[in-house]
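Pasted below: coords_5.txt, compact mmCIF, C-alpha atoms and all ligand atoms.
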# COMPACT_ATOMS: atom_id res chain seq x y z
CA MET A 141 50.61 -30.00 76.81
CA ASP A 142 49.93 -33.72 76.91
CA ASN A 143 46.78 -35.74 76.73
CA TYR A 144 47.66 -39.04 78.26
CA PRO A 145 44.70 -41.07 79.54
CA VAL A 146 44.03 -40.37 83.20
CA LEU A 147 44.13 -43.09 85.83
CA LYS A 148 42.65 -42.15 89.19
CA ILE A 149 43.86 -43.68 92.44
CA LYS A 150 41.35 -44.59 95.16
CA LYS A 151 41.11 -42.21 98.08
CA GLY A 152 43.40 -43.39 100.86
CA ARG A 153 45.57 -45.48 98.51
CA GLU A 154 48.01 -42.72 97.47
CA ARG A 155 50.52 -43.31 100.28
CA SER A 156 52.99 -45.55 98.43
CA LEU A 157 52.84 -43.31 95.34
CA LEU A 158 53.56 -40.23 97.44
CA ASN A 159 56.55 -42.25 98.67
CA LYS A 160 57.49 -42.75 95.00
CA HIS A 161 57.12 -46.51 95.02
CA PRO A 162 56.80 -47.22 91.29
CA TRP A 163 54.19 -50.00 91.35
CA ILE A 164 50.41 -49.50 91.33
CA PHE A 165 48.38 -52.66 91.95
CA SER A 166 44.89 -53.06 90.48
CA GLY A 167 43.21 -52.74 93.90
CA ALA A 168 44.39 -49.14 94.21
CA VAL A 169 42.84 -48.02 90.90
CA GLU A 170 39.56 -46.07 91.11
CA SER A 171 39.08 -45.48 87.39
CA VAL A 172 40.95 -45.25 84.12
CA GLN A 173 40.10 -43.49 80.87
CA GLU A 174 40.12 -45.56 77.72
CA THR A 175 43.61 -46.81 77.05
CA THR A 176 45.48 -49.77 75.62
CA ASN A 177 48.16 -51.93 77.18
CA GLY A 178 51.60 -50.36 77.20
CA GLN A 179 50.25 -46.82 76.90
CA ILE A 180 51.52 -44.06 79.13
CA VAL A 181 48.88 -42.96 81.65
CA GLN A 182 48.71 -39.88 83.81
CA VAL A 183 48.16 -40.93 87.41
CA VAL A 184 46.09 -38.61 89.63
CA ASP A 185 44.81 -38.71 93.20
CA SER A 186 41.14 -38.53 94.14
CA SER A 187 41.31 -34.71 93.96
CA SER A 188 42.82 -34.92 90.45
CA ASN A 189 46.30 -33.75 91.50
CA ILE A 190 48.92 -35.24 89.18
CA LEU A 191 51.07 -37.86 90.95
CA GLY A 192 53.13 -38.81 87.91
CA HIS A 193 53.14 -41.00 84.81
CA GLY A 194 53.65 -44.67 84.15
CA PHE A 195 53.22 -47.57 81.73
CA TYR A 196 49.78 -49.20 81.89
CA HIS A 197 48.90 -52.88 81.52
CA ASP A 198 45.62 -54.34 82.71
CA LYS A 199 46.78 -57.99 82.42
CA ASN A 200 49.73 -57.50 84.73
CA GLN A 201 49.58 -57.98 88.47
CA ILE A 202 51.05 -54.48 88.60
CA THR A 203 48.67 -52.26 86.64
CA VAL A 204 51.00 -49.28 86.32
CA LYS A 205 54.77 -49.05 86.52
CA MET A 206 55.69 -45.43 87.19
CA PHE A 207 58.68 -43.86 85.47
CA ASP A 208 58.07 -40.21 86.38
CA PHE A 209 56.82 -38.63 89.58
CA SER A 210 56.70 -35.02 88.44
CA SER A 211 53.40 -33.20 89.05
CA GLU A 212 53.92 -31.26 85.82
CA HIS A 213 52.28 -31.90 82.49
CA THR A 214 55.16 -33.43 80.55
CA LEU A 215 55.60 -34.62 76.99
CA PHE A 216 57.31 -37.99 76.85
CA ASP A 217 59.08 -37.55 73.57
CA GLU A 218 62.54 -38.50 72.32
CA ALA A 219 64.15 -35.63 74.27
CA TYR A 220 62.67 -36.98 77.51
CA TRP A 221 64.03 -40.54 77.00
CA GLU A 222 67.32 -39.17 75.74
CA TYR A 223 67.71 -37.22 78.98
CA LYS A 224 67.01 -40.34 81.06
CA ILE A 225 69.63 -42.37 79.17
CA SER A 226 72.16 -39.51 79.23
CA SER A 227 71.80 -39.22 83.02
CA ALA A 228 72.45 -42.95 83.33
CA ILE A 229 75.55 -42.67 81.12
CA THR A 230 76.89 -39.78 83.22
CA LEU A 231 76.44 -41.86 86.38
CA ARG A 232 78.34 -44.80 84.85
CA ASN A 233 81.12 -42.54 83.60
CA THR A 234 81.60 -41.39 87.19
CA PHE A 235 81.72 -44.83 88.79
CA ILE A 236 83.07 -47.26 86.20
CA SER A 237 86.84 -47.33 85.88
CA GLN A 238 88.67 -46.58 82.62
CA ASN A 239 89.84 -50.16 82.12
CA THR A 240 86.28 -51.54 82.13
CA ASN A 241 83.92 -51.52 79.15
CA ALA A 242 81.16 -53.82 80.43
CA TYR A 243 78.51 -52.30 82.67
CA ARG A 244 74.79 -52.04 83.23
CA LEU A 245 73.51 -48.84 81.69
CA ILE A 246 69.84 -49.06 82.71
CA HIS A 247 68.78 -51.03 85.76
CA ALA A 248 64.98 -50.86 85.47
CA GLU A 249 63.37 -49.34 88.58
CA GLY A 250 66.84 -48.55 89.97
CA ASP A 251 67.25 -46.04 87.12
CA PHE A 252 63.59 -44.96 87.27
CA PHE A 253 62.99 -46.90 84.06
CA PRO A 254 60.78 -49.91 84.90
CA GLY A 255 60.57 -52.54 82.20
CA LEU A 256 64.03 -51.93 80.78
CA ILE A 257 67.47 -53.42 81.32
CA ILE A 258 70.42 -52.41 79.15
CA ASP A 259 73.86 -53.97 79.55
CA ILE A 260 76.82 -52.61 77.62
CA TYR A 261 79.58 -54.86 76.29
CA ALA A 262 82.10 -52.67 74.44
CA ASN A 263 80.03 -51.08 71.65
CA THR A 264 77.15 -53.56 71.91
CA ALA A 265 74.02 -52.90 73.95
CA VAL A 266 72.11 -55.94 75.18
CA VAL A 267 68.54 -54.92 75.84
CA GLN A 268 65.87 -56.72 77.85
CA ILE A 269 62.38 -55.36 77.36
CA LEU A 270 60.17 -56.43 80.25
CA HIS A 271 57.09 -54.28 79.65
CA LYS A 272 54.87 -53.61 76.67
CA GLY A 273 55.23 -49.88 77.38
CA VAL A 274 58.96 -50.08 76.73
CA GLN A 275 58.35 -52.07 73.55
CA LEU A 276 56.18 -49.22 72.26
CA ILE A 277 59.05 -46.73 72.63
CA SER A 278 61.80 -49.20 71.66
CA GLU A 279 62.52 -47.66 68.23
CA ILE A 280 63.24 -44.32 69.92
CA LEU A 281 65.47 -46.05 72.48
CA PHE A 282 67.44 -47.93 69.82
CA LYS A 283 68.01 -44.68 67.92
CA ILE A 284 69.27 -43.00 71.10
CA LEU A 285 71.61 -45.94 71.81
CA ASN A 286 72.98 -45.75 68.28
CA ASP A 287 73.54 -41.99 68.65
CA LYS A 288 75.36 -42.59 71.96
CA GLY A 289 77.92 -44.93 70.36
CA PHE A 290 76.24 -48.34 70.64
CA PRO A 291 75.50 -49.31 67.04
CA PHE A 292 75.06 -53.02 67.81
CA ILE A 293 71.93 -53.94 69.71
CA PHE A 294 70.99 -57.44 70.79
CA ILE A 295 67.44 -57.88 72.07
CA LYS A 296 67.51 -60.58 74.72
CA GLN A 297 63.99 -61.67 75.56
CA LYS A 298 63.04 -64.52 77.85
CA GLU A 299 59.98 -66.62 77.18
CA HIS A 300 58.22 -65.59 80.40
CA HIS A 301 58.50 -61.88 79.57
CA ARG A 302 56.26 -62.51 76.62
CA ASN A 303 53.74 -64.40 78.68
CA ASN A 304 53.59 -61.97 81.57
CA ASP A 305 53.66 -58.63 79.90
CA ASN A 306 52.54 -59.30 76.38
CA VAL A 307 55.85 -58.12 75.04
CA THR A 308 55.96 -59.44 71.49
CA ILE A 309 59.40 -58.24 70.45
CA GLU A 310 61.60 -61.11 69.29
CA LYS A 311 64.99 -62.12 70.61
CA GLY A 312 67.75 -61.30 68.13
CA TRP A 313 70.06 -58.70 66.65
CA TYR A 314 68.26 -55.43 65.96
CA LYS A 315 67.74 -55.06 62.21
CA GLY A 316 69.56 -58.36 61.80
CA LYS A 317 72.88 -56.61 62.30
CA PRO A 318 75.16 -58.91 64.31
CA ASN A 319 78.15 -57.45 66.05
CA PRO A 320 81.08 -58.27 63.76
CA SER A 321 83.20 -59.22 66.77
CA HIS A 322 80.83 -61.88 68.09
CA PRO A 323 81.63 -63.37 70.61
CA ILE A 324 82.38 -59.99 72.05
CA GLN A 325 85.60 -59.41 73.91
CA ILE A 326 85.31 -57.07 76.87
CA ILE A 327 87.73 -55.87 79.50
CA GLU A 328 86.82 -55.61 83.16
CA ASN A 329 89.33 -54.02 85.53
CA GLY A 330 92.03 -54.96 83.03
CA ILE A 331 90.94 -58.62 82.71
CA LYS A 332 89.68 -59.90 79.36
CA PHE A 333 86.50 -61.93 78.95
CA GLU A 334 84.66 -63.25 75.93
CA ILE A 335 80.94 -62.69 76.19
CA ASP A 336 78.37 -64.74 74.31
CA VAL A 337 75.40 -62.38 74.41
CA VAL A 338 73.30 -64.70 72.24
CA ASN A 339 73.56 -67.96 74.19
CA GLY A 340 75.00 -66.87 77.54
CA GLN A 341 73.10 -66.61 80.81
CA LYS A 342 71.51 -63.30 81.80
CA THR A 343 72.73 -60.86 79.15
CA GLY A 344 75.97 -62.86 78.83
CA PHE A 345 77.89 -61.97 81.98
CA PHE A 346 77.31 -61.36 85.69
CA ILE A 347 78.31 -57.71 85.65
CA ASP A 348 76.79 -57.14 89.09
CA GLN A 349 79.69 -58.97 90.81
CA ARG A 350 82.45 -56.72 89.42
CA ASP A 351 83.34 -54.97 92.69
CA ASN A 352 83.19 -58.24 94.62
CA ARG A 353 85.55 -59.91 92.18
CA GLN A 354 87.93 -56.97 92.61
CA LEU A 355 87.81 -57.46 96.38
CA LEU A 356 88.66 -61.15 95.95
CA LYS A 357 91.66 -60.18 93.84
CA THR A 358 93.09 -58.08 96.68
CA LEU A 359 92.83 -61.03 99.11
CA SER A 360 94.07 -63.90 96.91
CA LYS A 361 97.86 -63.65 97.00
CA ASN A 362 99.38 -67.12 97.61
CA LYS A 363 95.93 -68.51 98.51
CA THR A 364 94.14 -71.62 97.29
CA VAL A 365 90.72 -70.59 95.97
CA LEU A 366 87.60 -72.62 95.19
CA ASN A 367 85.11 -70.82 92.95
CA THR A 368 81.80 -72.69 92.99
CA PHE A 369 79.03 -71.93 90.46
CA SER A 370 81.85 -70.39 88.46
CA TYR A 371 80.00 -69.78 85.15
CA THR A 372 82.56 -68.26 82.74
CA GLY A 373 85.16 -67.88 85.47
CA GLY A 374 84.62 -64.32 86.72
CA PHE A 375 85.86 -64.77 90.28
CA SER A 376 88.51 -67.30 89.21
CA LEU A 377 90.24 -64.91 86.83
CA TYR A 378 90.40 -62.18 89.46
CA ALA A 379 91.85 -64.60 92.01
CA LEU A 380 94.55 -65.56 89.48
CA ALA A 381 95.17 -61.89 88.68
CA GLY A 382 95.68 -61.46 92.42
CA ASP A 383 98.38 -64.18 92.44
CA ALA A 384 96.45 -67.06 93.95
CA SER A 385 98.58 -70.21 94.22
CA LYS A 386 95.78 -72.44 92.86
CA VAL A 387 92.22 -71.84 91.65
CA VAL A 388 89.55 -74.49 91.08
CA SER A 389 86.37 -73.51 89.21
CA VAL A 390 83.29 -75.76 89.45
CA ASP A 391 80.12 -75.42 87.38
CA VAL A 392 77.56 -77.98 86.30
CA SER A 393 77.37 -76.56 82.78
CA LYS A 394 79.89 -77.95 80.30
CA ASP A 395 79.48 -74.88 78.07
CA ALA A 396 80.19 -72.53 80.98
CA THR A 397 83.23 -74.62 81.93
CA ALA A 398 84.54 -74.44 78.35
CA SER A 399 84.07 -70.65 78.32
CA CYS A 400 85.85 -70.43 81.66
CA ILE A 401 88.85 -72.33 80.25
CA ASN A 402 88.78 -70.09 77.18
CA ASN A 403 88.88 -66.94 79.35
CA ILE A 404 91.78 -68.35 81.39
CA GLU A 405 93.73 -68.92 78.16
CA LEU A 406 92.81 -65.49 76.83
CA ASN A 407 94.57 -63.94 79.84
CA HIS A 408 97.47 -66.45 79.84
CA PHE A 409 96.77 -67.58 83.38
CA THR A 410 97.99 -70.93 84.73
CA LYS A 411 97.48 -72.65 88.11
CA HIS A 412 93.84 -73.23 87.25
CA LYS A 413 91.60 -76.28 87.08
CA ALA A 414 88.04 -76.24 85.67
CA ILE A 415 85.66 -78.99 86.72
CA ALA A 416 82.20 -79.62 85.25
CA ALA A 417 80.30 -80.96 88.25
CA ASP A 418 77.37 -80.37 90.57
CA CYS A 419 78.58 -78.06 93.35
CA PHE A 420 76.47 -79.73 96.03
CA ASP A 421 78.27 -83.03 95.29
CA TYR A 422 81.65 -81.38 94.91
CA LEU A 423 81.43 -79.57 98.24
CA LYS A 424 80.24 -82.78 99.91
CA GLU A 425 83.02 -84.95 98.50
CA MET A 426 86.03 -82.64 98.57
CA PRO A 427 88.53 -83.08 101.41
CA SER A 428 88.76 -80.61 104.30
CA ASP A 429 91.48 -77.96 104.57
CA GLU A 430 92.21 -77.77 100.82
CA PHE A 431 91.12 -74.15 100.34
CA ASP A 432 91.89 -70.80 101.96
CA ILE A 433 89.07 -69.03 100.13
CA ILE A 434 85.72 -70.35 98.89
CA VAL A 435 83.28 -68.39 96.71
CA LEU A 436 79.62 -69.45 96.83
CA ASP A 437 77.68 -67.62 94.12
CA PRO A 438 74.80 -69.92 93.16
CA PRO A 439 71.95 -69.08 90.79
CA ALA A 440 68.76 -67.71 92.39
CA PHE A 441 67.43 -70.76 94.22
CA ALA A 442 64.14 -68.91 94.91
CA LYS A 443 62.63 -67.72 91.64
CA THR A 444 59.21 -67.14 93.25
CA SER A 445 58.08 -66.22 96.76
CA LYS A 446 56.67 -69.77 97.17
CA ALA A 447 60.12 -71.28 96.66
CA VAL A 448 61.73 -69.44 99.57
CA SER A 449 61.80 -72.22 102.17
CA GLN A 450 63.22 -74.80 99.79
CA ALA A 451 65.75 -72.25 98.57
CA ALA A 452 66.75 -71.51 102.16
CA ARG A 453 67.63 -75.20 102.59
CA GLY A 454 69.81 -75.06 99.47
CA TYR A 455 71.67 -71.95 100.64
CA LYS A 456 72.13 -73.45 104.09
CA GLU A 457 73.50 -76.70 102.68
CA ILE A 458 76.21 -75.16 100.51
CA ASN A 459 77.22 -72.73 103.26
CA LEU A 460 77.40 -75.52 105.82
CA LYS A 461 79.61 -77.64 103.55
CA ALA A 462 81.97 -74.74 102.80
CA LEU A 463 82.13 -73.71 106.47
CA SER A 464 82.88 -77.26 107.55
CA LYS A 465 85.71 -77.75 105.06
CA ILE A 466 87.49 -74.44 104.73
CA LYS A 467 90.92 -74.04 106.33
CA LYS A 468 91.16 -72.33 109.71
CA GLY A 469 91.49 -68.59 109.10
CA GLY A 470 89.86 -68.99 105.67
CA LEU A 471 87.48 -66.63 103.90
CA ILE A 472 84.08 -67.38 102.40
CA PHE A 473 82.39 -65.07 99.91
CA THR A 474 78.76 -66.14 100.12
CA TYR A 475 75.91 -64.72 98.02
CA SER A 476 72.24 -64.91 97.22
CA CYS A 477 70.92 -63.15 94.12
CA SER A 478 67.31 -64.09 94.75
CA GLN A 479 65.02 -61.09 95.04
CA TYR A 480 62.75 -63.11 97.34
CA ILE A 481 65.43 -63.73 99.96
CA SER A 482 65.80 -60.51 101.99
CA PRO A 483 69.22 -59.47 103.32
CA ASP A 484 67.95 -60.24 106.83
CA LEU A 485 66.75 -63.73 105.88
CA PHE A 486 70.00 -64.46 104.07
CA ARG A 487 71.97 -63.51 107.19
CA LYS A 488 69.76 -65.83 109.26
CA ILE A 489 70.31 -68.73 106.84
CA VAL A 490 74.08 -68.27 107.00
CA PHE A 491 73.86 -67.96 110.80
CA GLY A 492 72.06 -71.33 110.91
CA ALA A 493 74.82 -72.92 108.83
CA VAL A 494 77.53 -71.39 111.06
CA VAL A 495 75.88 -72.75 114.21
CA ASP A 496 75.65 -76.25 112.71
CA SER A 497 79.27 -76.12 111.53
CA GLY A 498 80.60 -75.30 115.01
CA ARG A 499 83.05 -72.77 113.52
CA ASN A 500 83.78 -69.27 114.78
CA VAL A 501 82.78 -66.69 112.21
CA GLN A 502 83.09 -62.95 111.83
CA ILE A 503 81.43 -60.91 109.09
CA LEU A 504 84.17 -58.76 107.58
CA LYS A 505 82.07 -57.10 104.93
CA GLN A 506 78.49 -56.93 103.70
CA LEU A 507 78.46 -57.08 99.93
CA SER A 508 76.00 -55.99 97.28
CA GLN A 509 75.64 -55.28 93.59
CA GLY A 510 77.87 -52.65 91.91
CA SER A 511 76.92 -49.00 91.56
CA ASP A 512 75.87 -49.57 87.95
CA HIS A 513 72.97 -51.56 89.49
CA PRO A 514 71.61 -48.70 91.62
CA ILE A 515 68.79 -49.30 94.07
CA SER A 516 66.02 -46.71 94.10
CA ILE A 517 65.50 -45.93 97.78
CA PHE A 518 61.78 -45.90 97.01
CA HIS A 519 61.93 -49.46 95.64
CA PRO A 520 63.77 -51.69 98.12
CA GLU A 521 62.87 -54.76 96.01
CA GLY A 522 65.75 -53.66 93.74
CA GLU A 523 68.31 -54.79 96.33
CA TYR A 524 68.57 -58.32 95.01
CA LEU A 525 72.25 -59.26 95.41
CA LYS A 526 73.32 -59.90 98.98
CA GLY A 527 76.69 -61.16 100.05
CA LEU A 528 78.78 -61.66 103.16
CA LEU A 529 82.52 -61.96 103.47
CA LEU A 530 83.10 -64.37 106.35
CA LEU A 531 86.28 -65.03 108.29
CA VAL A 532 86.14 -68.62 109.49
CA ASN A 533 88.10 -69.95 112.47
N1 LIG B 1 79.72 -66.45 89.87
C1 LIG B 1 79.43 -66.36 88.45
C2 LIG B 1 77.95 -66.39 88.16
C3 LIG B 1 77.24 -67.63 88.68
S1 LIG B 1 75.77 -67.94 87.82
C4 LIG B 1 80.09 -65.12 87.87
O1 LIG B 1 80.60 -64.26 88.63
O2 LIG B 1 80.13 -64.98 86.65
C5 LIG B 1 75.30 -69.48 88.41
C6 LIG B 1 76.02 -70.65 87.76
O3 LIG B 1 75.68 -71.79 88.53
C7 LIG B 1 75.63 -70.98 86.35
O4 LIG B 1 76.78 -70.98 85.55
C8 LIG B 1 75.04 -72.40 86.40
O5 LIG B 1 75.44 -73.21 85.31
C9 LIG B 1 75.63 -72.91 87.67
N2 LIG B 1 74.88 -73.94 88.39
C10 LIG B 1 73.57 -74.02 88.65
N3 LIG B 1 73.29 -75.07 89.43
C11 LIG B 1 74.47 -75.68 89.69
C12 LIG B 1 74.86 -76.81 90.47
N4 LIG B 1 73.97 -77.52 91.15
N5 LIG B 1 76.16 -77.14 90.51
C13 LIG B 1 77.09 -76.41 89.83
N6 LIG B 1 76.78 -75.33 89.08
C14 LIG B 1 75.50 -74.97 89.03
Can you give me the file's structure in the form of C-alpha cells?
Amino acid sequence: MDNYPVLKIKKGRERSLLNKHPWIFSGAVESVQETTNGQIVQVVDSSSNILGHGFYHDKNQITVKMFDFSSEHTLFDEAYWEYKISSAITLRNTFISQNTNAYRLIHAEGDFFPGLIIDIYANTAVVQILHKGVQLISEILFKILNDKGFPFIFIKQKEHHRNNDNVTIEKGWYKGKPNPSHPIQIIENGIKFEIDVVNGQKTGFFIDQRDNRQLLKTLSKNKTVLNTFSYTGGFSLYALAGDASKVVSVDVSKDATASCINNIELNHFTKHKAIAADCFDYLKEMPSDEFDIIVLDPPAFAKTSKAVSQAARGYKEINLKALSKIKKGGLIFTYSCSQYISPDLFRKIVFGAVVDSGRNVQILKQLSQGSDHPISIFHPEGEYLKGLLLLVN
C-alpha cells in the first residue's frame, strides 16, 4: 500500500524500538534507502519485519523520530493525521473543565507526535514545528485545525529549531491572518488572562501549571502569598481567587510584570503588589516570616545536560532562601521545568536545601504537568515538570 523508503536497524539494536521508545540514534541504523530529510521512513529490523514509521533527518542527533509503531503497511494521508488530532481533542474534552479554553492539544512525543506542539487559546492554535517532517505535512495539519474550529493559527518558531532540524517555516500568523482579538483573552478555571502569543514566552502562557495553580487556590484563604518568577501572574491570580489576604508577584521582566498587573485588573482583584526584580535578590533581602505560602517556579536553569550542576546550585539557592524565611507552618510550592533535572535529582536538591535551612519539612504532594501534557510511558524524557508541595515547620 505504501512505498516509504526503508530504514534497517542493526541486529541487536531493536530493543528500545520494541519498547516503543520513539528515538533512533544514528549508531543503530544499518542502512537506509534513498530519502530526503523530513521524509517518512519505514523502519524494519534485521529480518525485515516492520517496526513502525518515523520522520527521518540525517543531520539530527536523532536520525528518526517514530510516530507510529504499527507493523502494518499504512498510508500516512490526511485521514491518518486527522485521526491523531481527533484522538487528542477527545482526550482534552475529557480532562479539561468547561470553564477553561486554553490547553495543550498536541504534546509532541507525549501524544505520539514528535516534532509538534499545539497550544489552544480560545479559537487560536499556536503551533511549534520542531522537525522538518512536521513542516512537510504542515499544510494538511493547518487544514485539519481549521476544520476542527481553530481558524487562527500562529506559527511560533524559535531560532534554534531552524538550526537543529532545518525547519525553514517562518514565525508568524498563517496566511498573514492575525486573530482579530489579539491579544487573546482566555479563561482558565473561570479566571481571565490576556495572552500575547506573538511576543510572550513559550506559546504565550504556562498552561502546564493549571492544576497546580488550582491547588494553590484551595489553600490560599486568608494567607499571605509570594509568587516568585511570576510571569503574567498565573499563580497570583489563583491565590487571589482563593481569598488570599495579600499576594506579591516578583519577576525580573518589566513586560511580564505589566501583563501581570493587567490580568489582575481584568479580574478586578485587589490586595496585590507586582514587583519587577531579580528573585534571587528579592528572596535574599526580604524579611523573615512575611509569607505563609511561597511559589518557586523559575525558568529551566538547565537548558542542556552540561548545565545541570550549575542549575542545581540555582535551585538549591532559591529553595534555601524560601525555606529559611517562610513562616512556621508555611507551604512552599517548588518546581523545576528542566528536562535535564530528573525528579529524583530535584528531590535531592530540595533535600540539600532543607538540611541547610534546619527546618522540618514534609512533602504533602508530588506535582507534575497537567493531563493535557501527557507523558508517553515509553518516553520518560517527557516528564519535564516536577514539583513538590512542602509543609515547613
Ligand atoms: N510561574 C509562571 C511561569 C514562570 S516562567 C506561570 O505560572 O505563568 C519564568 C519567569 O521567570 C519568566 O517570566 C522570567 O521573566 C522570570 N525570570 C527569569 N529569571 C529571573 C530572575 N532571576 N528573577 C526574577 N524573574 C526571573
Quiz prompt | Within 9 Å of Gly454 in chain A using all atoms listed in the file, minus same-chain residues under 5 positions, as a VMD selection string | solution = chain A and resid 420 441 449 459
Self-check item: Environment of ligand LIG 1 (chain B) within 8 Å, counting all atoms listed in the file, reported as a PyMOL selection string
Solution: chain A and resi 341+345-347+349-350+353+367-375+390-393+396+416-421+435-440
Quiz item: Which neighbours of Gly273 in chain A fall inside 7 Å, counting all atoms listed in the file, when residues of the same chain fewer than 6 positions from it are skipped, and could you give them as number ranges by chain?
Solution: A: 178-179, 195
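Nearest to Ile401 in chain A of all the residues A:Asp287, A:Asp348, A:Glu334, A:Glu523 is A:Glu334, counting all atoms listed in the file.
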Quiz item: Which neighbours of range 249-264 of chain A fall inside 9 Å, counting all atoms listed in the file, when residues of the same chain fewer than 3 positions from it are skipped, and could you give them as a PyMOL selection string?
Solution: chain A and resi 162+194-195+205-208+224+228+240-246+267-275+289-294+319+324-327+335+337+343+347+513-517+519+522
Keeping all heavy atoms (and nothing else), can you write range 308-315 of chain A of this structure as a compact mmCIF listing (two decimals), in the first residue's frame?
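Output file out21.txt is given in full below:
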# COMPACT_ATOMS: atom_id res chain seq x y z
N THR A 308 12.37 25.33 8.09
CA THR A 308 12.53 26.65 7.48
C THR A 308 11.27 27.50 7.58
O THR A 308 11.23 28.62 7.11
CB THR A 308 12.91 26.52 5.99
OG1 THR A 308 12.00 25.60 5.40
CG2 THR A 308 14.33 26.03 5.83
N ILE A 309 10.24 26.95 8.19
CA ILE A 309 8.97 27.68 8.27
C ILE A 309 9.17 28.92 9.15
O ILE A 309 9.90 28.89 10.14
CB ILE A 309 7.86 26.73 8.82
CG1 ILE A 309 6.49 27.22 8.44
CG2 ILE A 309 8.00 26.47 10.29
CD1 ILE A 309 5.42 26.13 8.52
N GLU A 310 8.56 30.02 8.75
CA GLU A 310 8.78 31.29 9.45
C GLU A 310 7.77 31.48 10.57
O GLU A 310 6.60 31.06 10.47
CB GLU A 310 8.60 32.46 8.48
CG GLU A 310 9.66 32.55 7.40
CD GLU A 310 11.03 32.91 7.92
OE1 GLU A 310 11.11 33.56 8.98
OE2 GLU A 310 12.03 32.54 7.27
N LYS A 311 8.23 32.18 11.62
CA LYS A 311 7.32 32.60 12.68
C LYS A 311 6.29 33.58 12.11
O LYS A 311 6.62 34.41 11.28
CB LYS A 311 8.14 33.29 13.77
CG LYS A 311 7.34 33.85 14.92
CD LYS A 311 8.24 34.49 15.96
CE LYS A 311 7.38 35.22 16.99
NZ LYS A 311 8.12 35.81 18.09
N GLY A 312 5.04 33.46 12.53
CA GLY A 312 4.05 34.45 12.09
C GLY A 312 2.66 33.84 11.97
O GLY A 312 2.47 32.63 12.14
N TRP A 313 1.70 34.71 11.69
CA TRP A 313 0.32 34.25 11.50
C TRP A 313 0.22 33.50 10.19
O TRP A 313 0.70 33.98 9.15
CB TRP A 313 -0.66 35.43 11.52
CG TRP A 313 -0.79 36.05 12.87
CD1 TRP A 313 -0.14 37.16 13.32
CD2 TRP A 313 -1.58 35.56 13.95
NE1 TRP A 313 -0.50 37.40 14.63
CE2 TRP A 313 -1.38 36.43 15.05
CE3 TRP A 313 -2.46 34.49 14.12
CZ2 TRP A 313 -2.02 36.27 16.27
CZ3 TRP A 313 -3.08 34.31 15.34
CH2 TRP A 313 -2.86 35.19 16.40
N TYR A 314 -0.41 32.34 10.20
CA TYR A 314 -0.58 31.54 9.00
C TYR A 314 -1.43 32.32 7.99
O TYR A 314 -2.49 32.83 8.34
CB TYR A 314 -1.24 30.21 9.36
CG TYR A 314 -1.53 29.33 8.18
CD1 TYR A 314 -0.51 28.94 7.30
CD2 TYR A 314 -2.81 28.86 7.94
CE1 TYR A 314 -0.77 28.13 6.21
CE2 TYR A 314 -3.09 28.04 6.86
CZ TYR A 314 -2.06 27.69 6.00
OH TYR A 314 -2.33 26.89 4.93
N LYS A 315 -0.92 32.39 6.78
CA LYS A 315 -1.56 33.16 5.70
C LYS A 315 -1.79 34.62 6.10
O LYS A 315 -2.76 35.25 5.67
CB LYS A 315 -2.88 32.50 5.28
CG LYS A 315 -2.65 31.14 4.62
CD LYS A 315 -3.82 30.69 3.80
CE LYS A 315 -3.45 29.50 2.94
NZ LYS A 315 -4.58 28.68 2.57
